[in-house]
Amino acid sequence: MPFTRKTYYLLLALIGLTVYLNSFANAFIWDDELLIVGNGYIRSFSNIFKIFSTDIFHWITESNFYRPLFSLSLMFDFSIWKLNPFGYHLTNLILHTFNACLLFYLAYILTSHLRVAFITSLFFLVHPVHTQAVTYISGRADPLASFFMLSATIFFAKAAKSKTNKENILYLSALICFISALLSKEIALVLPLLILCYDYCFGNIYKNIKIHLVFFALALFYIISRQQFLPFSSIGMLPFNLAIRLINFPKVVLFYLSLLIFPWNLRIERSFAAAESFDLSILLSLFILAIILIGIFRARNNKIVLFSFLWFSLNLFPLTNVILPLNAFVSEHWLYTASMGFFIILALGCDKLLSEGINISKLKLSLRFSLALLIIILTTLSLLTISRNFQWRNSIILFESTLESEDNPKDPRNVRVHFNLGYAYLKQGFFDKAIAEFKKALNRLPFPRSWRVEYQIGIAYLNKGSLPEAEEHFLKSIEANPGHISAYSYLIYLYKKTGNLKKADETRDRALKLKPLYPRDQLVQEILRQEIKP
């Protein structure tokens, strides 16, 4: 008896639970410490207005991340689980599983073939490249935005085919999902183009021109509102001009395709050797992409392949640094939504093998062999995901494994890895190891960007009881960033501990002059109370 859709959904849920079960024991990592543990705004629903009117890091620094629904999801998690990481990991897995089910349904709408839909969703569900968006709690913005983007696309597809009076309700639901996606992550801005591509391939653009105009109007309103009230910040953006970013575009795209085909040696931070001219790597990338594009062009009459290609391309293109410079050349979690199009095309190929077997030149293999090969590939991907989940167990394991797998140890982006590993050691009381990692980061950071590292070295020495060294690095931190209020607070504590009350008072007076500049900084109040402790 053939499986029903509900049976497939149940299978996806069980497989997802099996693959990500070992992530439930993982601790809060990296930005989790800021966005969950140290975020007072998610601890009360009275702060809902605040999270909808500011960026997600507003109490720490300026950022370009306006994702209120992401913060709201953390608020709901905190109301149930407090600071138990298990619940947050459970929410991420539920979201990822829902997305696999929605992708199954979308693929079924496109192909009318349950097996293609199931293979598509299986690849998406178990692929290890998605661990950065699923196993990492703070990566939730990608699954959350994808949930609403998939829902909007499905509602639109259902409305376009509807012959009942429910059409307007379905269109309205699609628009609500689009707004929700925009409030989850900025990548949702591509959704009007995805909807337009769907209508081009399977519907009637002219019939639905009004609804398309509404989608684009909402996107334009979002962009204008962001620029007016919460501008896209340039902080942390890549220091490469447009010409360099364009030259490296084919290399970036090919790199992402290689991650989907060969997903091993995954890392939270990736070095990327940016070419400054059309060198061999760029020319080779162009050649391979040209072959792929020729294949897509030849298959252009296959509307499913065309739409899947457009889904992949439109979701990935804004993340290739061509439109705007981002904070990295490549990042694994940026593949989360784009990969869905790739997996639909892959599933179509797998379905053909399962129907016809492998028959290439003199190589003829049975249907059973094709099925066994597919099972082996999916099992391998699942095992790689389970293994990667272990590397996300805690910050020390994560950043140590990142440095061990780095193929370019001198890459400047490793500064952040060394810094984060040092911070992880510091939290666990491994002060000498922390200082060693901080100094590796310090050696690659020019003044005055070194202020944060100097500050952490000072804290490590303070905890060791090496007060002269601690004072030296706190002073260097202030020299690099005269407005660093936290360094002043620890200096006050240090001077009082050594009995140098005169210096303590002088430092306190200097710090208090900064108060008007840092009204959000809770450490100002701690200075006033003189309650700073290491």
# chains A, B, ... in the order shown; residues from 1 in each chain; ligands from 1

$ closest_atom_pairs --of "stretch 371-484 of chain A" --to "stretch 344-357 of chain A" --cutoff "10 Å" --atoms "only C-alpha atoms" --output "Markdown table"
| residue | atom | partner | partner_atom | distance |
| --- | --- | --- | --- | --- |
| A:Leu371 | CA | A:Leu354 | CA | 6.2 |
| A:Ala372 | CA | A:Leu354 | CA | 9.8 |
| A:Leu373 | CA | A:Cys350 | CA | 9.9 |
| A:Leu374 | CA | A:Cys350 | CA | 7.5 |

$ write_last_selection --atoms "N, CA and C atoms" --output "CSV table (one decimal), in the first residue's frame"
chain,number,residue,atom,x,y,z
A,371,LEU,N,18.9,2.3,-5.7
A,371,LEU,CA,18.3,2.6,-4.4
A,371,LEU,C,19.3,2.4,-3.3
A,372,ALA,N,20.1,1.4,-3.4
A,372,ALA,CA,21.2,1.2,-2.3
A,372,ALA,C,22.1,2.4,-2.3
A,373,LEU,N,22.5,2.9,-3.5
A,373,LEU,CA,23.4,4.0,-3.5
A,373,LEU,C,22.8,5.3,-2.9
A,374,LEU,N,21.5,5.5,-3.1
A,374,LEU,CA,20.8,6.6,-2.5
A,374,LEU,C,20.7,6.5,-1.0

$ closest_residue --among "A:Asp279, A:Asp142, A:Glu186, A:Glu332" --to "A:His127" --atoms "only C-alpha atoms"
A:Glu332

$ residues_around --residues "A:Gly341" --least-positions-apart "5" --cutoff "6 Å" --atoms "only C-alpha atoms" --output "list of chain:residue names"
A:Ser308, A:Phe309, A:Trp311, A:Phe312

$ closest_residue --among "A:Lys476, A:Leu34, A:Glu471, A:Phe430" --to "A:Pro448" --atoms "only C-alpha atoms"
A:Lys476

$ residues_around --residues "A:Leu103" --least-positions-apart "2" --cutoff "10 Å" --atoms "only C-alpha atoms" --output "JSON, numbers by chain"
{"A": [97, 98, 99, 100, 101, 105, 106, 107, 108, 109, 117, 118, 120, 121, 122, 124, 125, 146, 147, 150, 151, 154, 340, 341, 343, 344]}

$ write_last_selection --atoms "C-alpha atoms" --output "compact mmCIF listing (two decimals), in the first residue's frame"
# COMPACT_ATOMS: atom_id res chain seq x y z
CA THR A 97 11.38 19.58 10.62
CA PHE A 98 8.43 21.82 9.73
CA ASN A 99 10.53 23.29 6.93
CA ALA A 100 11.34 19.82 5.64
CA CYS A 101 7.60 19.04 5.61
CA TYR A 105 4.60 19.82 0.12
CA LEU A 106 6.04 22.48 -2.20
CA ALA A 107 8.00 19.86 -4.15
CA TYR A 108 4.80 17.80 -4.41
CA ILE A 109 2.90 20.83 -5.74
CA ALA A 117 9.02 15.31 -2.77
CA PHE A 118 10.25 12.85 -0.13
CA THR A 120 13.97 16.41 -1.73
CA SER A 121 12.93 16.86 1.89
CA LEU A 122 15.21 14.04 3.08
CA PHE A 124 17.34 18.95 3.07
CA LEU A 125 16.56 17.45 6.48
CA SER A 146 12.44 29.94 5.55
CA PHE A 147 9.32 28.70 7.35
CA LEU A 150 7.90 28.41 2.14
CA SER A 151 4.45 29.00 3.64
CA ILE A 154 2.64 27.45 -0.90
CA MET A 340 16.03 23.79 -1.34
CA GLY A 341 16.15 24.51 -5.07
CA PHE A 343 17.73 19.49 -3.63
CA ILE A 344 14.63 19.52 -5.85

$ select_by_dssp --residues "stretch 82-313 of chain A" --states "alpha helix (DSSP H)" --output "PyMOL selection string"
chain A and resi 85-111+114-126+131-134+141-161+167-182+191-202+209-229+242-247+249-261+280-298+303-313

$ closest_atom_pairs --of "stretch 51-131 of chain A" --to "stretch 237-257 of chain A" --cutoff "12 Å" --atoms "only C-alpha atoms" --output "tab-separated table"
residue	atom	partner	partner_atom	distance
A:Ser63	CA	A:Met237	CA	10.7
A:Asn64	CA	A:Met237	CA	10.2
A:Val129	CA	A:Tyr256	CA	10.0

$ write_last_selection --atoms "C-alpha atoms" --output "PDB file, in the first residue's frame"
ATOM      1  CA  SER A  63      24.350  46.155  14.138  1.00  0.00           C
ATOM      2  CA  ASN A  64      22.405  45.674  10.913  1.00  0.00           C
ATOM      3  CA  VAL A 129      25.686  22.015   6.000  1.00  0.00           C
TER       4      VAL A 129
END

$ residues_around --residues "stretch 167-182 of chain A" --least-positions-apart "2" --cutoff "8 Å" --atoms "only C-alpha atoms" --output "ChimeraX atom specification"
/A:67,69,144-149,151-156,158-160,162-165,184-189,191,211,215,218,222

$ write_last_selection --atoms "C-alpha atoms" --output "tab-separated table (two decimals), in the first residue's frame"
chain	number	residue	atom	x	y	z
A	67	ARG	CA	14.91	40.40	13.31
A	69	LEU	CA	10.37	37.62	15.30
A	144	LEU	CA	12.37	30.94	10.87
A	145	ALA	CA	12.50	33.08	7.72
A	146	SER	CA	12.44	29.94	5.55
A	147	PHE	CA	9.32	28.70	7.35
A	148	PHE	CA	7.42	31.83	6.39
A	149	MET	CA	8.91	32.00	2.88
A	151	SER	CA	4.45	29.00	3.64
A	152	ALA	CA	3.97	32.15	1.54
A	153	THR	CA	5.00	30.33	-1.64
A	154	ILE	CA	2.64	27.45	-0.90
A	155	PHE	CA	-0.28	29.78	-0.11
A	156	PHE	CA	0.37	31.67	-3.35
A	158	LYS	CA	-2.66	27.19	-3.85
A	159	ALA	CA	-4.36	30.53	-4.52
A	160	ALA	CA	-3.15	30.59	-8.13
A	162	SER	CA	-7.83	27.83	-6.60
A	163	LYS	CA	-11.21	27.82	-8.30
A	164	THR	CA	-13.15	28.62	-5.13
A	165	ASN	CA	-13.88	31.74	-3.10
A	184	SER	CA	12.59	37.17	10.74
A	185	LYS	CA	15.50	37.85	8.39
A	186	GLU	CA	16.35	40.25	5.58
A	187	ILE	CA	16.80	37.50	2.96
A	188	ALA	CA	12.99	37.38	2.70
A	189	LEU	CA	13.21	40.43	0.42
A	191	LEU	CA	10.27	36.42	-1.94
A	211	ILE	CA	-0.98	40.66	-6.05
A	215	PHE	CA	4.32	41.98	-2.78
A	218	LEU	CA	5.61	45.68	0.72
A	222	TYR	CA	10.32	47.57	4.19

$ closest_residue --among "A:Leu10, A:Cys201, A:Met75, A:Ala504" --to "A:Tyr41" --atoms "only C-alpha atoms"
A:Met75

$ residues_around --residues "A:Tyr20" --least-positions-apart "2" --cutoff "8 Å" --atoms "only C-alpha atoms" --output "PyMOL selection string"
chain A and resi 16-18+22-24+93+135+385-386+389

$ write_last_selection --atoms "N, CA and C atoms" --output "short mmCIF file (atom, residue, chain, number, x, y, z; two decimals), in the first residue's frame"
data_model
loop_
_atom_site.label_atom_id
_atom_site.label_comp_id
_atom_site.auth_asym_id
_atom_site.auth_seq_id
_atom_site.Cartn_x
_atom_site.Cartn_y
_atom_site.Cartn_z
N GLY A 16 14.39 13.28 11.44
CA GLY A 16 14.95 14.52 11.96
C GLY A 16 15.33 14.39 13.43
N LEU A 17 14.46 13.77 14.21
CA LEU A 17 14.75 13.56 15.64
C LEU A 17 15.97 12.67 15.82
N THR A 18 16.08 11.63 15.01
CA THR A 18 17.22 10.71 15.10
C THR A 18 18.54 11.43 14.79
N ASN A 22 21.33 14.17 19.32
CA ASN A 22 22.52 14.43 20.14
C ASN A 22 22.82 15.92 20.28
N SER A 23 22.09 16.77 19.57
CA SER A 23 22.30 18.22 19.73
C SER A 23 21.61 18.75 20.97
N PHE A 24 20.67 17.98 21.54
CA PHE A 24 19.90 18.46 22.69
C PHE A 24 20.77 18.68 23.92
N LEU A 93 14.91 22.33 16.17
CA LEU A 93 14.64 21.09 15.45
C LEU A 93 13.20 21.07 14.93
N THR A 135 21.65 23.32 14.63
CA THR A 135 22.31 22.95 15.88
C THR A 135 22.72 24.19 16.67
N THR A 385 26.13 14.72 9.87
CA THR A 385 25.38 15.69 10.68
C THR A 385 25.49 15.35 12.15
N ILE A 386 25.33 14.08 12.49
CA ILE A 386 25.45 13.66 13.89
C ILE A 386 26.84 13.98 14.42
N ASN A 389 27.19 17.67 15.00
CA ASN A 389 26.49 18.09 16.22
C ASN A 389 27.40 17.99 17.44
#

$ residues_around --residues "A:Asn443" --least-positions-apart "4" --cutoff "9 Å" --atoms "only C-alpha atoms" --output "ChimeraX atom specification"
/A:415,438-439

$ closest_residue --among "A:Ser339, A:Gln428, A:Ser112, A:Asn463" --to "A:Ile261" --atoms "only C-alpha atoms"
A:Ser339

$ closest_residue --among "A:Ile224, A:Tyr488, A:Leu442, A:Arg115" --to "A:Arg5" --atoms "only C-alpha atoms"
A:Arg115

$ atom_distance --atom1 "atom CA of A:Tyr8" --atom2 "atom CA of A:Ser313"
28.0 Å

$ closest_residue --among "A:Leu310, A:Ala274, A:Ile42, A:Ile376" --to "A:Phe329" --atoms "only C-alpha atoms"
A:Ala274

$ atom_distance --atom1 "atom CA of A:Gly429" --atom2 "atom CA of A:Ala441"
18.9 Å
